[in-house]
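K.L.:
My structure is in data-v2.pdb, and what it holds is PDB, C-alpha atoms:
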ATOM      1  CA  MET W   2     -19.815 -16.115  -0.808
ATOM      2  CA  GLU W   3     -18.672 -15.995  -4.440
ATOM      3  CA  GLN W   4     -15.848 -13.551  -5.094
ATOM      4  CA  LYS W   5     -17.021 -10.754  -7.402
ATOM      5  CA  THR W   6     -15.102  -8.474  -9.743
ATOM      6  CA  ALA W   7     -15.452  -4.715 -10.213
ATOM      7  CA  HIS W   8     -17.550  -5.345 -13.318
ATOM      8  CA  ASP W   9     -20.262  -6.849 -11.103
ATOM      9  CA  PHE W  10     -20.881  -3.498  -9.388
ATOM     10  CA  ASP W  11     -22.204  -0.130 -10.461
ATOM     11  CA  GLN W  12     -19.385   2.430 -10.766
ATOM     12  CA  GLU W  13     -21.198   4.818  -8.420
ATOM     13  CA  LEU W  14     -21.286   2.057  -5.787
ATOM     14  CA  LEU W  15     -17.546   1.557  -6.181
ATOM     15  CA  ILE W  16     -16.999   5.286  -5.693
ATOM     16  CA  LEU W  17     -19.220   5.134  -2.610
ATOM     17  CA  PHE W  18     -17.184   2.223  -1.261
ATOM     18  CA  ASP W  19     -13.964   4.166  -1.886
ATOM     19  CA  ALA W  20     -15.346   7.035   0.199
ATOM     20  CA  TYR W  21     -16.208   4.600   2.989
ATOM     21  CA  VAL W  22     -12.802   2.914   2.932
ATOM     22  CA  HIS W  23     -11.000   6.249   3.139
ATOM     23  CA  GLY W  24     -13.096   7.705   5.939
ATOM     24  CA  GLY W  25     -15.219  10.051   3.889
ATOM     25  CA  ILE W  26     -18.406   8.389   5.154
ATOM     26  CA  ASP W  27     -19.144   5.975   7.980
ATOM     27  CA  ARG W  28     -20.547   2.458   7.733
ATOM     28  CA  ARG W  29     -24.139   3.517   8.369
ATOM     29  CA  THR W  30     -23.996   6.149   5.634
ATOM     30  CA  PHE W  31     -22.521   3.644   3.208
ATOM     31  CA  LEU W  32     -25.274   1.145   3.942
ATOM     32  CA  ASP W  33     -27.976   3.797   3.595
ATOM     33  CA  LYS W  34     -26.661   5.037   0.255
ATOM     34  CA  ALA W  35     -25.860   1.544  -1.029
ATOM     35  CA  ALA W  36     -29.446   0.412  -0.453
ATOM     36  CA  LYS W  37     -30.531   1.598  -3.886
ATOM     37  CA  TYR W  38     -28.029  -0.803  -5.485
ATOM     38  CA  ALA W  39     -29.312  -3.746  -3.437
ATOM     39  CA  VAL W  40     -31.641  -5.629  -5.769
ATOM     40  CA  GLY W  41     -32.677  -9.209  -6.408
ATOM     41  CA  GLY W  42     -32.553 -10.295  -2.786
ATOM     42  CA  VAL W  43     -29.152  -8.705  -2.154
ATOM     43  CA  THR W  44     -28.984  -6.366   0.843
ATOM     44  CA  ALA W  45     -26.690  -3.376   1.364
ATOM     45  CA  ALA W  46     -24.857  -5.377   4.050
ATOM     46  CA  MET W  47     -24.298  -8.159   1.535
ATOM     47  CA  LEU W  48     -22.856  -5.657  -0.938
ATOM     48  CA  LEU W  49     -20.429  -4.457   1.713
ATOM     49  CA  GLU W  50     -19.416  -8.039   2.425
ATOM     50  CA  GLN W  51     -18.851  -8.700  -1.276
ATOM     51  CA  LEU W  52     -16.666  -5.594  -1.603
ATOM     52  CA  SER W  53     -14.607  -6.318   1.519
ATOM     53  CA  PRO W  54     -11.260  -8.179   1.543
ATOM     54  CA  LYS W  55     -10.994 -11.992   1.519
ATOM     55  CA  PHE W  56      -7.481 -12.508   2.846
ATOM     56  CA  LEU W  57      -7.168 -16.278   3.047
ATOM     57  CA  GLU W  58      -8.529 -16.921  -0.423
ATOM     58  CA  ALA W  59      -6.065 -14.514  -2.019
ATOM     59  CA  GLN W  60      -2.758 -15.498  -0.397
ATOM     60  CA  VAL W  61      -0.012 -15.953  -2.996
ATOM     61  CA  ILE W  62       2.866 -16.918  -0.682
ATOM     62  CA  LYS W  63       1.773 -18.809   2.412
ATOM     63  CA  PRO W  64       3.269 -17.802   5.784
ATOM     64  CA  GLY W  65       4.995 -21.185   6.130
ATOM     65  CA  ASP W  66       6.738 -21.072   2.726
ATOM     66  CA  SER W  67      10.198 -22.633   3.113
ATOM     67  CA  ARG W  68      11.767 -20.174   0.652
ATOM     68  CA  ILE W  69      11.595 -17.343   3.159
ATOM     69  CA  GLU W  70      12.379 -16.539   6.768
ATOM     70  CA  GLN W  71      10.023 -14.189   8.582
ATOM     71  CA  GLU W  72       9.490 -12.537  11.932
ATOM     72  CA  HIS W  73       7.724  -9.649  13.599
ATOM     73  CA  ILE W  74      10.284  -7.281  15.015
ATOM     74  CA  GLU W  75      10.269  -4.024  16.969
ATOM     75  CA  PHE W  76      12.359  -1.003  16.040
ATOM     76  CA  PRO W  77      13.045   2.399  17.638
ATOM     77  CA  SER W  78      11.341   5.561  16.395
ATOM     78  CA  PRO W  79      12.500   8.311  18.767
ATOM     79  CA  ASN W  80      10.905  11.127  16.747
ATOM     80  CA  GLY W  81       7.659   9.223  16.236
ATOM     81  CA  TYR W  82       5.764   6.965  18.628
ATOM     82  CA  GLY W  83       8.934   5.698  20.329
ATOM     83  CA  THR W  84       8.785   1.978  19.639
ATOM     84  CA  MET W  85       7.272   0.441  16.511
ATOM     85  CA  ARG W  86       6.760  -3.034  15.093
ATOM     86  CA  GLY W  87       6.874  -4.537  11.634
ATOM     87  CA  TYR W  88       6.965  -7.744   9.633
ATOM     88  CA  LEU W  89      10.326  -8.776   8.191
ATOM     89  CA  ALA W  90      10.580 -11.328   5.367
ATOM     90  CA  ARG W  91      13.827 -12.359   3.689
ATOM     91  CA  PRO W  92      15.104 -15.135   1.421
ATOM     92  CA  THR W  93      16.037 -18.352   3.191
ATOM     93  CA  GLY W  94      19.741 -19.157   3.188
ATOM     94  CA  ALA W  95      20.735 -16.110   1.161
ATOM     95  CA  SER W  96      24.457 -15.811   0.520
ATOM     96  CA  GLY W  97      25.549 -12.239   1.032
ATOM     97  CA  LYS W  98      23.443  -9.179   1.593
ATOM     98  CA  ALA W  99      20.268  -8.388  -0.317
ATOM     99  CA  PRO W 100      18.564  -5.090  -1.230
ATOM    100  CA  GLY W 101      15.744  -3.934   0.999
ATOM    101  CA  VAL W 102      12.195  -2.862   0.199
ATOM    102  CA  LEU W 103       9.934  -1.074   2.652
ATOM    103  CA  VAL W 104       6.317  -2.196   2.170
ATOM    104  CA  ILE W 105       3.719   0.363   3.253
ATOM    105  CA  HIS W 106       0.129  -0.622   3.880
ATOM    106  CA  GLU W 107      -3.175   1.057   3.120
ATOM    107  CA  ASN W 108      -5.106   2.969   5.791
ATOM    108  CA  ARG W 109      -5.947  -0.149   7.791
ATOM    109  CA  GLY W 110      -2.534  -1.107   9.125
ATOM    110  CA  LEU W 111      -0.499  -4.253   8.612
ATOM    111  CA  ASN W 112      -3.148  -6.702   7.461
ATOM    112  CA  PRO W 113      -2.511 -10.201   6.026
ATOM    113  CA  HIS W 114      -2.504  -8.925   2.443
ATOM    114  CA  ILE W 115       0.435  -6.579   3.071
ATOM    115  CA  GLU W 116       2.335  -9.360   4.845
ATOM    116  CA  ASP W 117       1.736 -11.453   1.717
ATOM    117  CA  ILE W 118       3.175  -8.643  -0.432
ATOM    118  CA  ALA W 119       6.300  -8.667   1.762
ATOM    119  CA  ARG W 120       6.627 -12.430   1.310
ATOM    120  CA  ARG W 121       6.327 -12.058  -2.470
ATOM    121  CA  LEU W 122       9.240  -9.620  -2.444
ATOM    122  CA  ALA W 123      11.286 -11.953  -0.244
ATOM    123  CA  VAL W 124      10.759 -14.802  -2.734
ATOM    124  CA  ASP W 125      12.057 -12.417  -5.409
ATOM    125  CA  GLY W 126      15.268 -11.907  -3.449
ATOM    126  CA  PHE W 127      14.611  -8.754  -1.405
ATOM    127  CA  VAL W 128      14.662  -8.109   2.323
ATOM    128  CA  ALA W 129      11.119  -6.817   2.783
ATOM    129  CA  PHE W 130       9.996  -4.909   5.854
ATOM    130  CA  ALA W 131       6.368  -3.940   6.444
ATOM    131  CA  PRO W 132       5.808  -1.663   9.468
ATOM    132  CA  ASP W 133       2.448  -1.465  11.218
ATOM    133  CA  ALA W 134       1.450   2.165  11.716
ATOM    134  CA  LEU W 135      -1.264   0.993  14.129
ATOM    135  CA  PHE W 136       1.204  -0.571  16.569
ATOM    136  CA  PRO W 137       0.944   2.399  19.015
ATOM    137  CA  LEU W 138      -2.828   1.759  19.154
ATOM    138  CA  GLY W 139      -2.481  -1.975  19.715
ATOM    139  CA  GLY W 140      -1.596  -3.025  16.178
ATOM    140  CA  TYR W 141      -3.757  -4.228  13.329
ATOM    141  CA  PRO W 142      -6.881  -5.488  15.130
ATOM    142  CA  GLY W 143      -7.648  -8.369  12.782
ATOM    143  CA  ASP W 144     -10.790  -6.661  11.520
ATOM    144  CA  GLU W 145     -10.890  -4.182   8.636
ATOM    145  CA  GLU W 146     -13.773  -2.154  10.064
ATOM    146  CA  LYS W 147     -12.040  -1.733  13.428
ATOM    147  CA  ALA W 148      -8.774  -0.896  11.660
ATOM    148  CA  ARG W 149     -10.495   1.760   9.550
ATOM    149  CA  GLU W 150     -11.900   3.329  12.717
ATOM    150  CA  LEU W 151      -8.515   3.273  14.476
ATOM    151  CA  PHE W 152      -6.454   4.817  11.705
ATOM    152  CA  PRO W 153      -7.699   8.432  12.022
ATOM    153  CA  LYS W 154      -6.643   8.363  15.677
ATOM    154  CA  LEU W 155      -2.983   8.308  14.679
ATOM    155  CA  GLU W 156      -1.026  11.554  14.870
ATOM    156  CA  GLN W 157       0.252  11.713  11.304
ATOM    157  CA  PRO W 158       3.416  13.768  12.032
ATOM    158  CA  LYS W 159       4.492  10.993  14.413
ATOM    159  CA  THR W 160       3.469   8.267  11.968
ATOM    160  CA  GLN W 161       5.476   9.924   9.204
ATOM    161  CA  GLN W 162       8.515   9.854  11.475
ATOM    162  CA  ASP W 163       7.818   6.187  12.200
ATOM    163  CA  PHE W 164       8.130   5.355   8.503
ATOM    164  CA  ILE W 165      11.312   7.409   8.191
ATOM    165  CA  ALA W 166      12.696   5.431  11.143
ATOM    166  CA  ALA W 167      11.568   2.162   9.554
ATOM    167  CA  SER W 168      13.412   3.046   6.340
ATOM    168  CA  ARG W 169      16.654   3.637   8.192
ATOM    169  CA  PHE W 170      16.146   0.562  10.364
ATOM    170  CA  LEU W 171      15.787  -1.593   7.241
ATOM    171  CA  ALA W 172      18.849  -0.069   5.562
ATOM    172  CA  LYS W 173      20.983  -0.962   8.611
ATOM    173  CA  ARG W 174      19.736  -4.540   8.955
ATOM    174  CA  PRO W 175      22.612  -7.055   8.703
ATOM    175  CA  GLU W 176      20.819  -8.894   5.853
ATOM    176  CA  CYS W 177      20.447  -5.683   3.833
ATOM    177  CA  ASN W 178      23.055  -4.251   1.470
ATOM    178  CA  GLY W 179      22.172  -0.729   2.599
ATOM    179  CA  LYS W 180      20.156   0.149  -0.496
ATOM    180  CA  ILE W 181      16.408   0.330  -0.076
ATOM    181  CA  GLY W 182      13.320   0.955  -2.133
ATOM    182  CA  ALA W 183       9.789   1.615  -0.937
ATOM    183  CA  VAL W 184       6.458   0.429  -2.291
ATOM    184  CA  GLY W 185       3.085   1.471  -0.955
ATOM    185  CA  PHE W 186      -0.586   1.228  -1.741
ATOM    186  CA  CYS W 187      -3.185   3.985  -1.362
ATOM    187  CA  TYR W 188      -2.199   5.585   1.979
ATOM    188  CA  GLY W 189       1.082   3.730   1.570
ATOM    189  CA  GLY W 190       1.554   5.125  -1.927
ATOM    190  CA  GLY W 191       1.210   8.616  -0.531
ATOM    191  CA  MET W 192       3.725   7.698   2.168
ATOM    192  CA  VAL W 193       6.206   6.542  -0.498
ATOM    193  CA  ASN W 194       5.895   9.941  -2.163
ATOM    194  CA  PHE W 195       6.387  11.638   1.208
ATOM    195  CA  LEU W 196       9.447   9.528   2.043
ATOM    196  CA  ALA W 197      10.982  10.412  -1.309
ATOM    197  CA  THR W 198      10.872  14.089  -0.296
ATOM    198  CA  GLN W 199      12.437  13.369   3.103
ATOM    199  CA  LEU W 200      15.093  10.697   2.565
ATOM    200  CA  GLY W 201      16.989  12.114  -0.394
ATOM    201  CA  THR W 202      19.663   9.661  -1.547
ATOM    202  CA  GLU W 203      18.875   7.302   1.345
ATOM    203  CA  LEU W 204      16.008   6.041  -0.825
ATOM    204  CA  SER W 205      17.105   4.314  -4.027
ATOM    205  CA  ALA W 206      13.671   3.915  -5.637
ATOM    206  CA  GLY W 207      10.000   4.452  -4.850
ATOM    207  CA  VAL W 208       6.883   2.829  -6.308
ATOM    208  CA  ALA W 209       3.575   4.443  -5.377
ATOM    209  CA  PHE W 210       0.359   2.625  -6.192
ATOM    210  CA  TYR W 211      -2.537   5.121  -6.410
ATOM    211  CA  GLY W 212      -1.085   7.305  -3.665
ATOM    212  CA  SER W 213      -1.626  10.964  -2.856
ATOM    213  CA  SER W 214       0.862  13.585  -3.965
ATOM    214  CA  PRO W 215       3.405  14.995  -1.502
ATOM    215  CA  ASN W 216       3.775  18.648  -0.603
ATOM    216  CA  LEU W 217       4.695  20.089  -3.996
ATOM    217  CA  ALA W 218       7.146  22.514  -2.433
ATOM    218  CA  ASP W 219       9.169  19.490  -1.276
ATOM    219  CA  VAL W 220       9.347  17.777  -4.678
ATOM    220  CA  PRO W 221      12.781  19.318  -5.492
ATOM    221  CA  LYS W 222      14.162  17.333  -2.537
ATOM    222  CA  ILE W 223      13.390  14.034  -4.291
ATOM    223  CA  LYS W 224      16.535  12.214  -5.420
ATOM    224  CA  ALA W 225      15.169   8.700  -5.984
ATOM    225  CA  PRO W 226      13.562   7.613  -9.260
ATOM    226  CA  LEU W 227       9.823   7.120  -8.877
ATOM    227  CA  MET W 228       7.287   4.834 -10.496
ATOM    228  CA  ILE W 229       3.694   6.030 -10.237
ATOM    229  CA  GLN W 230       1.058   3.303 -10.688
ATOM    230  CA  SER W 231      -2.388   4.789 -11.368
ATOM    231  CA  ALA W 232      -5.896   3.424 -11.796
ATOM    232  CA  GLU W 233      -8.025   4.963 -14.527
ATOM    233  CA  ASN W 234     -11.182   5.175 -12.406
ATOM    234  CA  ASP W 235      -9.672   7.016  -9.448
ATOM    235  CA  PRO W 236     -10.771  10.660  -9.591
ATOM    236  CA  ARG W 237      -9.816  11.376  -5.974
ATOM    237  CA  ILE W 238      -6.132  10.589  -6.603
ATOM    238  CA  ASN W 239      -5.831  11.444 -10.288
ATOM    239  CA  ALA W 240      -7.079  15.004  -9.827
ATOM    240  CA  ALA W 241      -3.766  15.937  -8.203
ATOM    241  CA  TRP W 242      -1.535  14.242 -10.780
ATOM    242  CA  PRO W 243      -1.117  17.114 -13.288
ATOM    243  CA  ASP W 244       0.312  19.450 -10.640
ATOM    244  CA  PHE W 245       2.488  16.674  -9.188
ATOM    245  CA  GLU W 246       3.825  15.793 -12.628
ATOM    246  CA  ASN W 247       4.575  19.420 -13.397
ATOM    247  CA  ALA W 248       6.537  19.688 -10.136
ATOM    248  CA  LEU W 249       8.469  16.503 -10.959
ATOM    249  CA  LYS W 250       9.358  17.829 -14.405
ATOM    250  CA  THR W 251      10.360  21.235 -13.077
ATOM    251  CA  ALA W 252      12.622  19.591 -10.466
ATOM    252  CA  LYS W 253      14.002  17.187 -13.097
ATOM    253  CA  VAL W 254      13.074  14.171 -10.984
ATOM    254  CA  SER W 255      13.364  10.832 -12.770
ATOM    255  CA  TYR W 256       9.908   9.264 -12.892
ATOM    256  CA  GLU W 257       7.593   7.100 -14.935
ATOM    257  CA  ARG W 258       3.846   6.867 -14.661
ATOM    258  CA  HIS W 259       1.620   4.018 -15.762
ATOM    259  CA  LEU W 260      -2.149   4.411 -16.086
ATOM    260  CA  TYR W 261      -4.070   1.126 -16.272
ATOM    261  CA  PRO W 262      -7.225   1.374 -18.429
ATOM    262  CA  GLY W 263     -10.509   0.321 -16.881
ATOM    263  CA  THR W 264      -9.060  -0.196 -13.400
ATOM    264  CA  GLN W 265     -10.302   0.940 -10.005
ATOM    265  CA  HIS W 266      -8.405   2.398  -7.066
ATOM    266  CA  GLY W 267      -6.984  -0.659  -5.318
ATOM    267  CA  PHE W 268      -6.623  -2.745  -8.488
ATOM    268  CA  ASN W 269      -3.473  -4.467  -7.220
ATOM    269  CA  ASN W 270      -5.168  -5.753  -4.060
ATOM    270  CA  ASP W 271      -6.204  -9.305  -4.924
ATOM    271  CA  THR W 272      -8.354  -9.672  -1.816
ATOM    272  CA  THR W 273     -11.181  -7.433  -3.094
ATOM    273  CA  PRO W 274     -13.416  -7.190  -6.201
ATOM    274  CA  ARG W 275     -11.567  -4.074  -7.309
ATOM    275  CA  TYR W 276      -8.639  -6.343  -8.176
ATOM    276  CA  ASP W 277      -7.770  -6.449 -11.871
ATOM    277  CA  ALA W 278      -5.632  -9.542 -12.520
ATOM    278  CA  ALA W 279      -4.124  -8.439 -15.834
ATOM    279  CA  ALA W 280      -3.290  -4.910 -14.660
ATOM    280  CA  ALA W 281      -1.957  -6.157 -11.328
ATOM    281  CA  LYS W 282       0.341  -8.673 -13.028
ATOM    282  CA  LEU W 283       1.702  -6.008 -15.351
ATOM    283  CA  ALA W 284       2.093  -3.428 -12.582
ATOM    284  CA  TRP W 285       3.782  -5.856 -10.205
ATOM    285  CA  GLY W 286       6.158  -7.066 -12.897
ATOM    286  CA  ARG W 287       7.111  -3.472 -13.590
ATOM    287  CA  THR W 288       7.590  -2.872  -9.861
ATOM    288  CA  VAL W 289       9.972  -5.782  -9.326
ATOM    289  CA  THR W 290      11.946  -4.895 -12.473
ATOM    290  CA  PHE W 291      12.194  -1.274 -11.277
ATOM    291  CA  PHE W 292      13.587  -2.364  -7.921
ATOM    292  CA  ARG W 293      16.039  -4.769  -9.532
ATOM    293  CA  GLN W 294      17.256  -1.922 -11.712
ATOM    294  CA  HIS W 295      17.641   0.700  -9.001
ATOM    295  CA  VAL W 296      18.032  -1.075  -5.652
ATOM    296  CA  ARG W 297      20.442  -3.856  -6.531
TER     297      ARG W 297
END
Turn this file's structure into structure tokens for me.
P.N.:
Amino acid sequence: MEQKTAHDFDQELLILFDAYVHGGIDRRTFLDKAAKYAVGGVTAAMLLEQLSPKFLEAQVIKPGDSRIEQEHIEFPSPNGYGTMRGYLARPTGASGKAPGVLVIHENRGLNPHIEDIARRLAVDGFVAFAPDALFPLGGYPGDEEKARELFPKLEQPKTQQDFIAASRFLAKRPECNGKIGAVGFCYGGGMVNFLATQLGTELSAGVAFYGSSPNLADVPKIKAPLMIQSAENDPRINAAWPDFENALKTAKVSYERHLYPGTQHGFNNDTTPRYDAAAAKLAWGRTVTFFRQHVR
């Protein structure tokens, strides 16, 4: 099926899809409400298929790329789910230690797109580690619908501890120079903001793509510089930004925020129609530069 762009869909349908992706409505409700946008022989199920990720078509760095070494590795999380698993990608034949970047997925677990993001960072000279929050429930199931159904079953206090443990595990890896950044998308962006409130100086930089705000009372605990990447058409996330920004200013936290005109929530994810190539290129370039500035 031909890959569409956000401009091929009604904005209200995109908002409906966002609600479905984030658990606000179930699949049946989405299909029922999407039916009115299904015209010209297109069904609601076809619309859902068009809006859903196409992982293979969008890979930037293939799993077998000789420039990187990669493995899935378990790590301890005594305050979380006990034992966790993640995807580690690092430059091949690197001389000396490299800075680390924790890569945090959306609310579907460690899917192929997030592994690709980790490989991109490894090609750029970072030790990238992408944990799978769904590991205690069997890991990413290989199906986005099943993953979306599994995610709410996680106990978030434990999952938060799992990502804290993953951060410290990465910092202590023999390939890592001990300095780490964190980048996350959607759920992962919110987790970056959370980690910034919990890790203090253990985190050297955080980049949150369209992520939820942390507990505002914890913002004064943030010591790492933050980069906030925001989509213009993202009312669910953007509604909280003014209060978050005020808290950052009051606490004198170093931050920068970029708002990308005309973009949708998820604009950096090149596996879906919400992807915006120009905005994603600019945002990712800013992200890598930010990490090179603060994590090296």
K.L.:
Given the file above and the PyMOL selection byres ((chain W and resi 50) around 12), which residues are selected, and can you give them as a ChimeraX atom specification?
P.N.:
/W:2-5,18,28,32,43-49,51-55,145-146,272-274
K.L.:
Using only C-alpha atoms, which of W:Thr93, W:Ser255, W:Thr84, W:Thr264 sits nearest W:Ala123?
P.N.:
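Distance minimum relative to W:Ala123 lands on W:Thr93.
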K.L.:
So what does the PyMOL selection byres ((chain W and resi 191) around 9) actually pick up in this one, as number ranges by chain?
P.N.:
W: 185-190, 192-196, 209-215
K.L.:
I need the residues from that last selection saved to file as a PDB file, in the coordinates of the input (with C-alpha atoms), if you can.
P.N.:
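Produced file part-v3.pdb, reproduced below:
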ATOM      1  CA  GLY W 185       3.085   1.471  -0.955  1.00  0.00           C
ATOM      2  CA  PHE W 186      -0.586   1.228  -1.741  1.00  0.00           C
ATOM      3  CA  CYS W 187      -3.185   3.985  -1.362  1.00  0.00           C
ATOM      4  CA  TYR W 188      -2.199   5.585   1.979  1.00  0.00           C
ATOM      5  CA  GLY W 189       1.082   3.730   1.570  1.00  0.00           C
ATOM      6  CA  GLY W 190       1.554   5.125  -1.927  1.00  0.00           C
ATOM      7  CA  MET W 192       3.725   7.698   2.168  1.00  0.00           C
ATOM      8  CA  VAL W 193       6.206   6.542  -0.498  1.00  0.00           C
ATOM      9  CA  ASN W 194       5.895   9.941  -2.163  1.00  0.00           C
ATOM     10  CA  PHE W 195       6.387  11.638   1.208  1.00  0.00           C
ATOM     11  CA  LEU W 196       9.447   9.528   2.043  1.00  0.00           C
ATOM     12  CA  ALA W 209       3.575   4.443  -5.377  1.00  0.00           C
ATOM     13  CA  PHE W 210       0.359   2.625  -6.192  1.00  0.00           C
ATOM     14  CA  TYR W 211      -2.537   5.121  -6.410  1.00  0.00           C
ATOM     15  CA  GLY W 212      -1.085   7.305  -3.665  1.00  0.00           C
ATOM     16  CA  SER W 213      -1.626  10.964  -2.856  1.00  0.00           C
ATOM     17  CA  SER W 214       0.862  13.585  -3.965  1.00  0.00           C
ATOM     18  CA  PRO W 215       3.405  14.995  -1.502  1.00  0.00           C
TER      19      PRO W 215
END
K.L.:
Report as a ChimeraX atom specification the residues that result from applying the PyMOL selection byres ((chain W and resi 151-154) around 8) to the structure here.
P.N.:
/W:108-110,135,138,147-150,155-156
K.L.:
At what distance in Å, to one decimal, does atom CA of W:Pro236 lie from atom CA of W:Asn269?
P.N.:
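Separating atom CA of W:Asn269 from atom CA of W:Pro236 is a distance of 17.0 Å.
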K.L.:
Determine the nearest neighbour of W:Phe130 from the options W:Leu249, W:Leu89, W:Ala95, W:Val296, counting all atoms listed in the file.
P.N.:
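Ranking W:Leu249, W:Leu89, W:Ala95, W:Val296 by distance to W:Phe130, first place goes to W:Leu89.
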K.L.:
Considering all atoms listed in the file, state which residue in the set W:Met228, W:Val124, W:Ile238, W:Ala131 is at the smallest distance from W:Thr288.
P.N.:
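The shortest atom-to-atom distance to W:Thr288 comes from W:Met228.
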K.L.:
Find the spatial neighbours of W:Gly97, counting only C-alpha atoms, within a cut-off of 10 Å - ignore same-chain residues fewer than 4 positions away - and output them as a PDB file with C-alpha atoms, in the coordinates of the input.
P.N.:
ATOM      1  CA  PRO W 175      22.612  -7.055   8.703  1.00  0.00           C
ATOM      2  CA  GLU W 176      20.819  -8.894   5.853  1.00  0.00           C
ATOM      3  CA  CYS W 177      20.447  -5.683   3.833  1.00  0.00           C
ATOM      4  CA  ASN W 178      23.055  -4.251   1.470  1.00  0.00           C
TER       5      ASN W 178
END
K.L.:
Grab the atom CA of W:Pro92 to atom CA of W:Ser78 distance for me, in Å with one decimal place.
P.N.:
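Those two atoms sit 25.8 Å apart.
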K.L.:
Near W:Ile26, within 12 Å and counting only C-alpha atoms, which residues show up once chain neighbours fewer than 4 positions away are dropped, as a tab-separated table (two decimals) with C-alpha atoms, keeping the file's coordinate frame?
P.N.:
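Dumped to around_17.tsv:
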chain	number	residue	atom	x	y	z
W	16	ILE	CA	-17.00	5.29	-5.69
W	17	LEU	CA	-19.22	5.13	-2.61
W	18	PHE	CA	-17.18	2.22	-1.26
W	19	ASP	CA	-13.96	4.17	-1.89
W	20	ALA	CA	-15.35	7.04	0.20
W	21	TYR	CA	-16.21	4.60	2.99
W	22	VAL	CA	-12.80	2.91	2.93
W	30	THR	CA	-24.00	6.15	5.63
W	31	PHE	CA	-22.52	3.64	3.21
W	32	LEU	CA	-25.27	1.14	3.94
W	33	ASP	CA	-27.98	3.80	3.60
W	34	LYS	CA	-26.66	5.04	0.26
W	35	ALA	CA	-25.86	1.54	-1.03
W	149	ARG	CA	-10.50	1.76	9.55
W	150	GLU	CA	-11.90	3.33	12.72
K.L.:
Mind giving me the straight-line distance from atom CA of W:Lys63 to atom CA of W:Ala90 in Å, one decimal?
P.N.:
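Calculated distance between atom CA of W:Lys63 and atom CA of W:Ala90 is 11.9 Å.
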K.L.:
Smallest atom-to-atom distance to W:Gly140: which of W:Met85, W:Leu122, W:Val289, W:Ile62, using all atoms listed in the file?
P.N.:
W:Met85
K.L.:
Mind checking which residues fall within 9 Å of W:Leu171, counting all atoms listed in the file, ignoring those fewer than 6 positions away in the same chain, and posting them as a list in words?
P.N.:
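Selected residues are Gly101, Val102, Leu103, Val128, Ala129, Phe130, Cys177, Gly179 and Ile181 of chain W.
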K.L.:
Go ahead and fit an axis-aligned box to every listed atom of stretch 45-50 of chain W plus 5 Å each side, and pass me the centre and edge lengths in Å, one decimal, as JSON.
P.N.:
{"center_x": -23.1, "center_y": -5.8, "center_z": 1.6, "size_x": 17.3, "size_y": 14.8, "size_z": 15.0}
K.L.:
Go through W:Ile229, W:Ala248, W:Val104, W:Ala167 one by one, measure the shortest atom-to-atom distance of each to W:Val184 using only C-alpha atoms, and give the residue with the smallest value.
P.N.:
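Smallest distance to W:Val184 is found for W:Val104.
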K.L.:
Which is closest to W:Arg174 among W:Ile74, W:Ala279, W:Ile118, W:Gly24, if we use only C-alpha atoms?
P.N.:
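Between W:Ile74, W:Ala279, W:Ile118, W:Gly24, the residue approaching W:Arg174 most closely is W:Ile74.
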K.L.:
Counting all atoms listed in the file, select every polymer residue within 12 Å of (-2.0, 9.9, -17.1) as defined in the file's coordinates, and provide the selection as a ChimeraX atom specification.
P.N.:
/W:211,229-236,238-246,257-262
K.L.:
Got a sec: who's within 12 Å of W:Val61, counting all atoms listed in the file, leaving out chain neighbours fewer than 3 positions off, as a PyMOL selection string?
P.N.:
chain W and resi 56-58+64-66+113-122+124+270-272
K.L.:
As a PyMOL selection string, please: the residues near W:Leu204 (cut-off 8 Å, only C-alpha atoms, same-chain neighbours under 2 positions excluded).
P.N.:
chain W and resi 180-183+196-197+200-202+206-207+224-225
